[in-house]
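Enquirer: Can you read through this structure? Questions will come right after.
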Amino acid sequence: MSGSILIVEDEPVLLRGLRDTFVNQGWDVATASDGEKGLELALTKPADVILLDIMLPRVNGYEICRAVRERGVQSAILMLTAKGQEEDVILGLNLGADDYLTKPFSPRELVARMKAIFRRTEPQERHSSFSLGDVMLDKESHDVTVGGKPVELTAKEFDLLAFFMANTGLVVSRDVLLDRVWGQEYPGGTRTVDVHVAQLRRKLGRPDLIRTLRGTGYKAMPQ
Ligand code: CA
């Protein structure tokens with residue numbers, strides 16, 4: 001699996017450790033130890049994933065996140081947050097980060113997370129069917145089955161489930177769901193997302209498949 005990563009982290013030991021871990025995976029790694037350089041690299045040499053510390057010299061992680069999204073850069077953004085800083089997570093996700101990782105984290109967990117992101121950023125056509133536990137979804141035939149039995153979903157419920165399945169194990173905020181599943185039309189705002197998720201849970205009969213994360217959004221749980 002190939003991929004490119006930009007690490008923006010001002011703690012030298014952590015930065016070196018992260019770089020070595022990724023280089024060992026054969027991934028293409030760029031690094032920045034302050035926010036200014038990080039922002040410049042993020043905009044001029046877009047990576048598949050930006051691993052972004054929050055507290056950084058010159059330009060902080062939130063500002064980088066906002067600028068990257070404002071310029072329409074498609075990189076996935078994984079924020080590195082300190083333990084117990086839930087408000088940081090919420091702010092970051094609202095500014096367009098895709099997920100977060102709480103320090104300290106294990107290299108194994110990080111590598112697994114990266115692989116999940118690389119899989120997701122691969123061209124969609126390579127993935128025409130998904131499975132999660134006993135739920136199967138086929139994008140070509142538009143079939144959904146639970147335990148082998150067909151389930152009828154509306155077009156939006158189908159798109160929503162497909163998005164969750166493609167992003168299994170990742171936190172997705174309501175804003176991201178609105179943006180990726182509904183596009184420009186936001187009927188009823190984020191409440192729409194909650195209603196559709198509730199419908200989806202009911203129809204699938206698998207309430208634990210998509211977990212609600214208080215204040216941040218949803219996560220499709222790996223089975
Ligand atoms: Ca820092």
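Every chain in the structure tokens has a letter given in the order shown (A, B, ...), and although residue numbers restart at 1 in each chain, ligands are simply numbered from 1 in the order shown.
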Run DSSP on the backbone of this structure and report the residues of range 134-168 of chain A it assigns to alpha helix (DSSP H), as a PyMOL selection string.
Expert: chain A and resi 155-166
Enquirer: Just the residues within 7 Å of Ala47 in chain A, please, counting only C-alpha atoms, with nothing from its chain fewer than 4 positions along; format it as a PyMOL selection string.
Expert: chain A and resi 4-6+75
Enquirer: Keeping N, CA, C and O atoms, export the residues of the selection given above as a compact mmCIF listing (two decimals), in the first residue's frame.
Expert:
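Written file, part_26.txt:
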```
# COMPACT_ATOMS: atom_id res chain seq x y z
N SER A 4 1.28 9.09 0.83
CA SER A 4 2.15 10.18 1.22
C SER A 4 1.59 10.87 2.46
O SER A 4 0.38 10.99 2.62
N ILE A 5 2.52 11.27 3.34
CA ILE A 5 2.12 11.86 4.62
C ILE A 5 2.94 13.11 4.87
O ILE A 5 4.15 13.11 4.66
N LEU A 6 2.28 14.14 5.33
CA LEU A 6 2.97 15.32 5.83
C LEU A 6 2.80 15.33 7.35
O LEU A 6 1.66 15.31 7.84
N SER A 75 -6.37 16.64 1.11
CA SER A 75 -5.67 15.75 2.04
C SER A 75 -6.57 15.40 3.24
O SER A 75 -7.30 16.26 3.74
```
Enquirer: If DSSP is run on the backbone, what residues of range 3-207 of chain A are strand (DSSP E or B)? A reply as a PyMOL selection string would be ideal.
Expert: chain A and resi 4-8+28-32+49-53+76-82+99-103+129-132+135-138+143-146+149-150+171-172
Enquirer: Env of Arg120 in chain A: 7 Å cut, atoms = only C-alpha atoms, seq-sep filter 2 positions within chain, self excluded. Answer as a PDB file with N, CA and C atoms, in the first residue's frame.
Expert:
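selection09.pdb, freshly written:
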```pdb
ATOM      1  N   ALA A 116      -6.098   2.681   7.016  1.00  0.00           N
ATOM      2  CA  ALA A 116      -7.542   2.881   6.819  1.00  0.00           C
ATOM      3  C   ALA A 116      -7.782   4.133   5.976  1.00  0.00           C
ATOM      4  N   ILE A 117      -7.010   5.174   6.235  1.00  0.00           N
ATOM      5  CA  ILE A 117      -7.188   6.412   5.474  1.00  0.00           C
ATOM      6  C   ILE A 117      -6.744   6.225   4.030  1.00  0.00           C
ATOM      7  N   PHE A 118      -5.627   5.546   3.828  1.00  0.00           N
ATOM      8  CA  PHE A 118      -5.157   5.324   2.450  1.00  0.00           C
ATOM      9  C   PHE A 118      -6.174   4.510   1.658  1.00  0.00           C
ATOM     10  N   GLU A 122      -8.206   5.867  -1.792  1.00  0.00           N
ATOM     11  CA  GLU A 122      -8.030   5.213  -3.084  1.00  0.00           C
ATOM     12  C   GLU A 122      -9.264   5.498  -3.936  1.00  0.00           C
ATOM     13  N   ALA A 166     -17.347   2.786   4.011  1.00  0.00           N
ATOM     14  CA  ALA A 166     -16.047   3.139   3.422  1.00  0.00           C
ATOM     15  C   ALA A 166     -15.135   3.791   4.452  1.00  0.00           C
ATOM     16  N   ASN A 167     -15.726   4.267   5.550  1.00  0.00           N
ATOM     17  CA  ASN A 167     -14.960   4.978   6.568  1.00  0.00           C
ATOM     18  C   ASN A 167     -15.017   4.277   7.927  1.00  0.00           C
TER      19      ASN A 167
END
```
Enquirer: Hey, which residues sit close to ligand 1? Say within 6 Å, counting only C-alpha atoms and all ligand atoms, and write them as an MDAnalysis selection string.
Expert: chainID A and resid 9:11 53 55:56
Enquirer: Just write the chosen residues, N, CA and C atoms, as a compact mmCIF listing (two decimals), in the first residue's frame.
Expert:
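So again_22.txt came out as:
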```
# COMPACT_ATOMS: atom_id res chain seq x y z
N GLU A 9 4.73 18.68 13.37
CA GLU A 9 4.88 18.39 14.80
C GLU A 9 6.15 19.08 15.29
N ASP A 10 6.06 19.83 16.38
CA ASP A 10 7.24 20.58 16.84
C ASP A 10 8.06 19.84 17.90
N GLU A 11 7.57 18.69 18.36
CA GLU A 11 8.32 17.90 19.34
C GLU A 11 9.31 17.01 18.56
N ASP A 53 -0.23 18.33 14.53
CA ASP A 53 -0.23 18.72 15.94
C ASP A 53 -1.02 20.02 16.06
N MET A 55 -0.77 22.53 18.99
CA MET A 55 0.05 23.62 19.50
C MET A 55 1.38 23.61 18.76
N LEU A 56 1.57 24.60 17.91
CA LEU A 56 2.76 24.68 17.07
C LEU A 56 3.29 26.11 17.08
```
Enquirer: For Arg19 in chain A, please output as a compact mmCIF listing (two decimals) with all heavy atoms, in the first residue's frame all residues within 8 Å (counting only C-alpha atoms; exclusion window: fewer than 2 positions along the same chain).
Expert:
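around_12.txt, written as the output of this step:
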```txt
# COMPACT_ATOMS: atom_id res chain seq x y z
N ILE A 7 3.93 15.34 8.08
CA ILE A 7 3.85 15.41 9.55
C ILE A 7 4.20 16.84 9.97
O ILE A 7 5.25 17.35 9.61
CB ILE A 7 4.86 14.46 10.23
CG1 ILE A 7 4.78 13.05 9.63
CG2 ILE A 7 4.63 14.42 11.73
CD1 ILE A 7 5.99 12.19 10.01
N LEU A 15 8.50 13.71 16.30
CA LEU A 15 8.55 13.91 14.84
C LEU A 15 9.45 12.85 14.19
O LEU A 15 9.08 12.23 13.20
CB LEU A 15 9.08 15.32 14.53
CG LEU A 15 9.22 15.68 13.04
CD1 LEU A 15 7.86 15.66 12.35
CD2 LEU A 15 9.85 17.06 12.88
N ARG A 16 10.62 12.63 14.82
CA ARG A 16 11.57 11.65 14.27
C ARG A 16 10.98 10.25 14.32
O ARG A 16 11.08 9.48 13.37
CB ARG A 16 12.88 11.71 15.05
CG ARG A 16 14.08 11.55 14.17
CD ARG A 16 15.39 12.00 14.79
NE ARG A 16 15.46 11.91 16.24
CZ ARG A 16 15.74 12.96 17.03
NH1 ARG A 16 15.93 14.15 16.51
NH2 ARG A 16 15.81 12.80 18.33
N GLY A 17 10.35 9.94 15.45
CA GLY A 17 9.74 8.61 15.62
C GLY A 17 8.65 8.35 14.58
O GLY A 17 8.58 7.27 14.00
N THR A 21 8.75 5.56 11.58
CA THR A 21 7.67 4.56 11.49
C THR A 21 7.09 4.51 10.09
O THR A 21 6.88 3.44 9.52
CB THR A 21 6.54 4.92 12.49
OG1 THR A 21 7.08 4.93 13.81
CG2 THR A 21 5.40 3.92 12.42
N PHE A 22 6.84 5.67 9.51
CA PHE A 22 6.21 5.73 8.18
C PHE A 22 7.18 5.33 7.07
O PHE A 22 6.79 4.67 6.12
CB PHE A 22 5.65 7.12 7.90
CG PHE A 22 4.57 7.52 8.86
CD1 PHE A 22 4.42 8.84 9.27
CD2 PHE A 22 3.67 6.57 9.34
CE1 PHE A 22 3.42 9.21 10.15
CE2 PHE A 22 2.67 6.93 10.22
CZ PHE A 22 2.54 8.26 10.63
N VAL A 23 8.45 5.76 7.23
CA VAL A 23 9.45 5.40 6.22
C VAL A 23 9.60 3.88 6.19
O VAL A 23 9.72 3.27 5.12
CB VAL A 23 10.79 6.11 6.50
CG1 VAL A 23 11.93 5.50 5.67
CG2 VAL A 23 10.67 7.61 6.20
N VAL A 29 7.27 10.49 3.01
CA VAL A 29 7.07 11.34 4.18
C VAL A 29 7.71 12.72 4.02
O VAL A 29 8.87 12.82 3.62
CB VAL A 29 7.67 10.67 5.45
CG1 VAL A 29 7.38 11.51 6.68
CG2 VAL A 29 7.12 9.26 5.62
N THR A 31 8.16 16.43 6.39
CA THR A 31 7.99 16.88 7.78
C THR A 31 8.15 18.40 7.88
O THR A 31 8.83 19.02 7.08
CB THR A 31 9.05 16.24 8.72
OG1 THR A 31 10.35 16.63 8.29
CG2 THR A 31 8.96 14.73 8.71
```
Enquirer: Give the answer as one residue: which of A:Lys139, A:Ile90, A:Arg206, A:Val172 has the shortest atom-to-atom distance to Ala155 in chain A, using only C-alpha atoms?
Expert: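 When distances to Ala155 in chain A are compared using only C-alpha atoms, the smallest one comes from A:Lys139.
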Enquirer: Looking at A:Asn94, A:Gln25, A:Ser33, A:Thr44, which one is nearest to Pro107 in chain A, with distances taken over only C-alpha atoms?
Expert: A:Gln25
Enquirer: Calculated over only C-alpha atoms, which of the candidates A:Val195, A:Ala76, A:Val59, A:Leu52 has the smallest distance to Arg119 in chain A?
Expert: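 Nearest to Arg119 in chain A: A:Ala76.
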Enquirer: Using only C-alpha atoms, which residues sit within 12 Å of range 220-223 of chain A once same-chain residues fewer than 5 positions away are excluded, as a compact mmCIF listing (two decimals) with N, CA, C and O atoms, in the first residue's frame?
Expert:
```
# COMPACT_ATOMS: atom_id res chain seq x y z
N ALA A 116 -6.10 2.68 7.02
CA ALA A 116 -7.54 2.88 6.82
C ALA A 116 -7.78 4.13 5.98
O ALA A 116 -8.64 4.15 5.09
N SER A 131 -18.46 -4.83 3.30
CA SER A 131 -19.15 -5.63 4.31
C SER A 131 -18.72 -5.15 5.69
O SER A 131 -17.59 -4.72 5.89
N LEU A 132 -19.66 -5.20 6.59
CA LEU A 132 -19.41 -4.78 7.96
C LEU A 132 -20.25 -5.72 8.82
O LEU A 132 -21.48 -5.63 8.81
N GLY A 133 -19.59 -6.63 9.53
CA GLY A 133 -20.34 -7.67 10.23
C GLY A 133 -21.14 -8.45 9.20
O GLY A 133 -20.58 -8.85 8.17
N ASP A 134 -22.42 -8.61 9.42
CA ASP A 134 -23.25 -9.34 8.44
C ASP A 134 -24.01 -8.41 7.51
O ASP A 134 -24.93 -8.83 6.81
N VAL A 135 -23.62 -7.13 7.52
CA VAL A 135 -24.24 -6.18 6.59
C VAL A 135 -23.38 -6.08 5.33
O VAL A 135 -22.17 -5.88 5.41
N LEU A 160 -25.55 7.10 2.61
CA LEU A 160 -25.05 7.30 3.96
C LEU A 160 -24.38 6.02 4.47
O LEU A 160 -23.27 6.05 5.00
N LEU A 161 -25.04 4.90 4.27
CA LEU A 161 -24.47 3.62 4.71
C LEU A 161 -23.17 3.32 3.96
O LEU A 161 -22.18 2.89 4.56
N ALA A 162 -23.16 3.61 2.65
CA ALA A 162 -21.95 3.37 1.86
C ALA A 162 -20.80 4.23 2.39
O ALA A 162 -19.66 3.75 2.51
N PHE A 163 -21.11 5.46 2.75
CA PHE A 163 -20.06 6.35 3.28
C PHE A 163 -19.54 5.83 4.62
O PHE A 163 -18.34 5.78 4.86
N PHE A 164 -20.45 5.41 5.50
CA PHE A 164 -20.02 4.86 6.78
C PHE A 164 -19.15 3.62 6.58
O PHE A 164 -18.13 3.45 7.23
N MET A 165 -19.56 2.76 5.66
CA MET A 165 -18.82 1.51 5.47
C MET A 165 -17.43 1.77 4.87
O MET A 165 -16.48 1.10 5.21
N ALA A 166 -17.35 2.79 4.01
CA ALA A 166 -16.05 3.14 3.42
C ALA A 166 -15.13 3.79 4.45
O ALA A 166 -13.93 3.86 4.27
N ASN A 167 -15.73 4.27 5.55
CA ASN A 167 -14.96 4.98 6.57
C ASN A 167 -15.02 4.28 7.93
O ASN A 167 -14.92 4.92 8.97
N THR A 168 -15.17 2.96 7.89
CA THR A 168 -15.28 2.19 9.12
C THR A 168 -14.11 2.49 10.07
O THR A 168 -12.96 2.51 9.64
N GLY A 169 -14.46 2.74 11.32
CA GLY A 169 -13.43 2.98 12.33
C GLY A 169 -12.98 4.43 12.43
O GLY A 169 -12.20 4.78 13.30
N LEU A 170 -13.49 5.27 11.53
CA LEU A 170 -13.11 6.68 11.56
C LEU A 170 -14.28 7.52 12.09
O LEU A 170 -15.44 7.21 11.83
N VAL A 171 -13.93 8.59 12.80
CA VAL A 171 -14.96 9.51 13.26
C VAL A 171 -15.41 10.37 12.08
O VAL A 171 -14.57 10.91 11.37
N VAL A 172 -16.71 10.44 11.85
CA VAL A 172 -17.19 11.37 10.83
C VAL A 172 -18.17 12.35 11.48
O VAL A 172 -19.11 11.95 12.15
N SER A 173 -17.91 13.63 11.30
CA SER A 173 -18.77 14.65 11.91
C SER A 173 -20.03 14.82 11.06
O SER A 173 -20.07 14.43 9.89
N VAL A 197 -29.65 8.65 10.18
CA VAL A 197 -28.90 7.62 10.90
C VAL A 197 -29.86 6.76 11.73
O VAL A 197 -29.75 5.53 11.76
N ARG A 201 -30.36 2.73 11.29
CA ARG A 201 -30.21 1.77 12.39
C ARG A 201 -31.46 0.90 12.50
O ARG A 201 -31.37 -0.30 12.70
N ARG A 206 -29.36 -3.23 13.38
CA ARG A 206 -28.03 -3.37 13.98
C ARG A 206 -27.67 -2.05 14.65
O ARG A 206 -26.84 -1.28 14.13
N PRO A 207 -28.29 -1.75 15.81
CA PRO A 207 -28.12 -0.43 16.42
C PRO A 207 -26.67 -0.12 16.81
O PRO A 207 -26.30 1.04 16.91
N ASP A 208 -25.85 -1.16 17.02
CA ASP A 208 -24.47 -0.91 17.47
C ASP A 208 -23.48 -0.68 16.33
O ASP A 208 -22.32 -0.39 16.56
N LEU A 209 -23.97 -0.84 15.10
CA LEU A 209 -23.08 -0.72 13.95
C LEU A 209 -22.53 0.70 13.80
O LEU A 209 -21.36 0.90 13.53
N ILE A 210 -23.42 1.68 13.99
CA ILE A 210 -23.02 3.08 13.87
C ILE A 210 -23.18 3.72 15.23
O ILE A 210 -24.29 3.86 15.73
N ARG A 211 -22.06 4.07 15.84
CA ARG A 211 -22.10 4.60 17.19
C ARG A 211 -22.16 6.13 17.16
O ARG A 211 -21.49 6.76 16.35
N THR A 212 -22.96 6.70 18.06
CA THR A 212 -22.99 8.15 18.21
C THR A 212 -21.89 8.57 19.17
O THR A 212 -21.78 8.02 20.26
N LEU A 213 -21.07 9.52 18.76
CA LEU A 213 -20.02 10.04 19.62
C LEU A 213 -20.44 11.43 20.06
O LEU A 213 -20.55 12.33 19.23
```
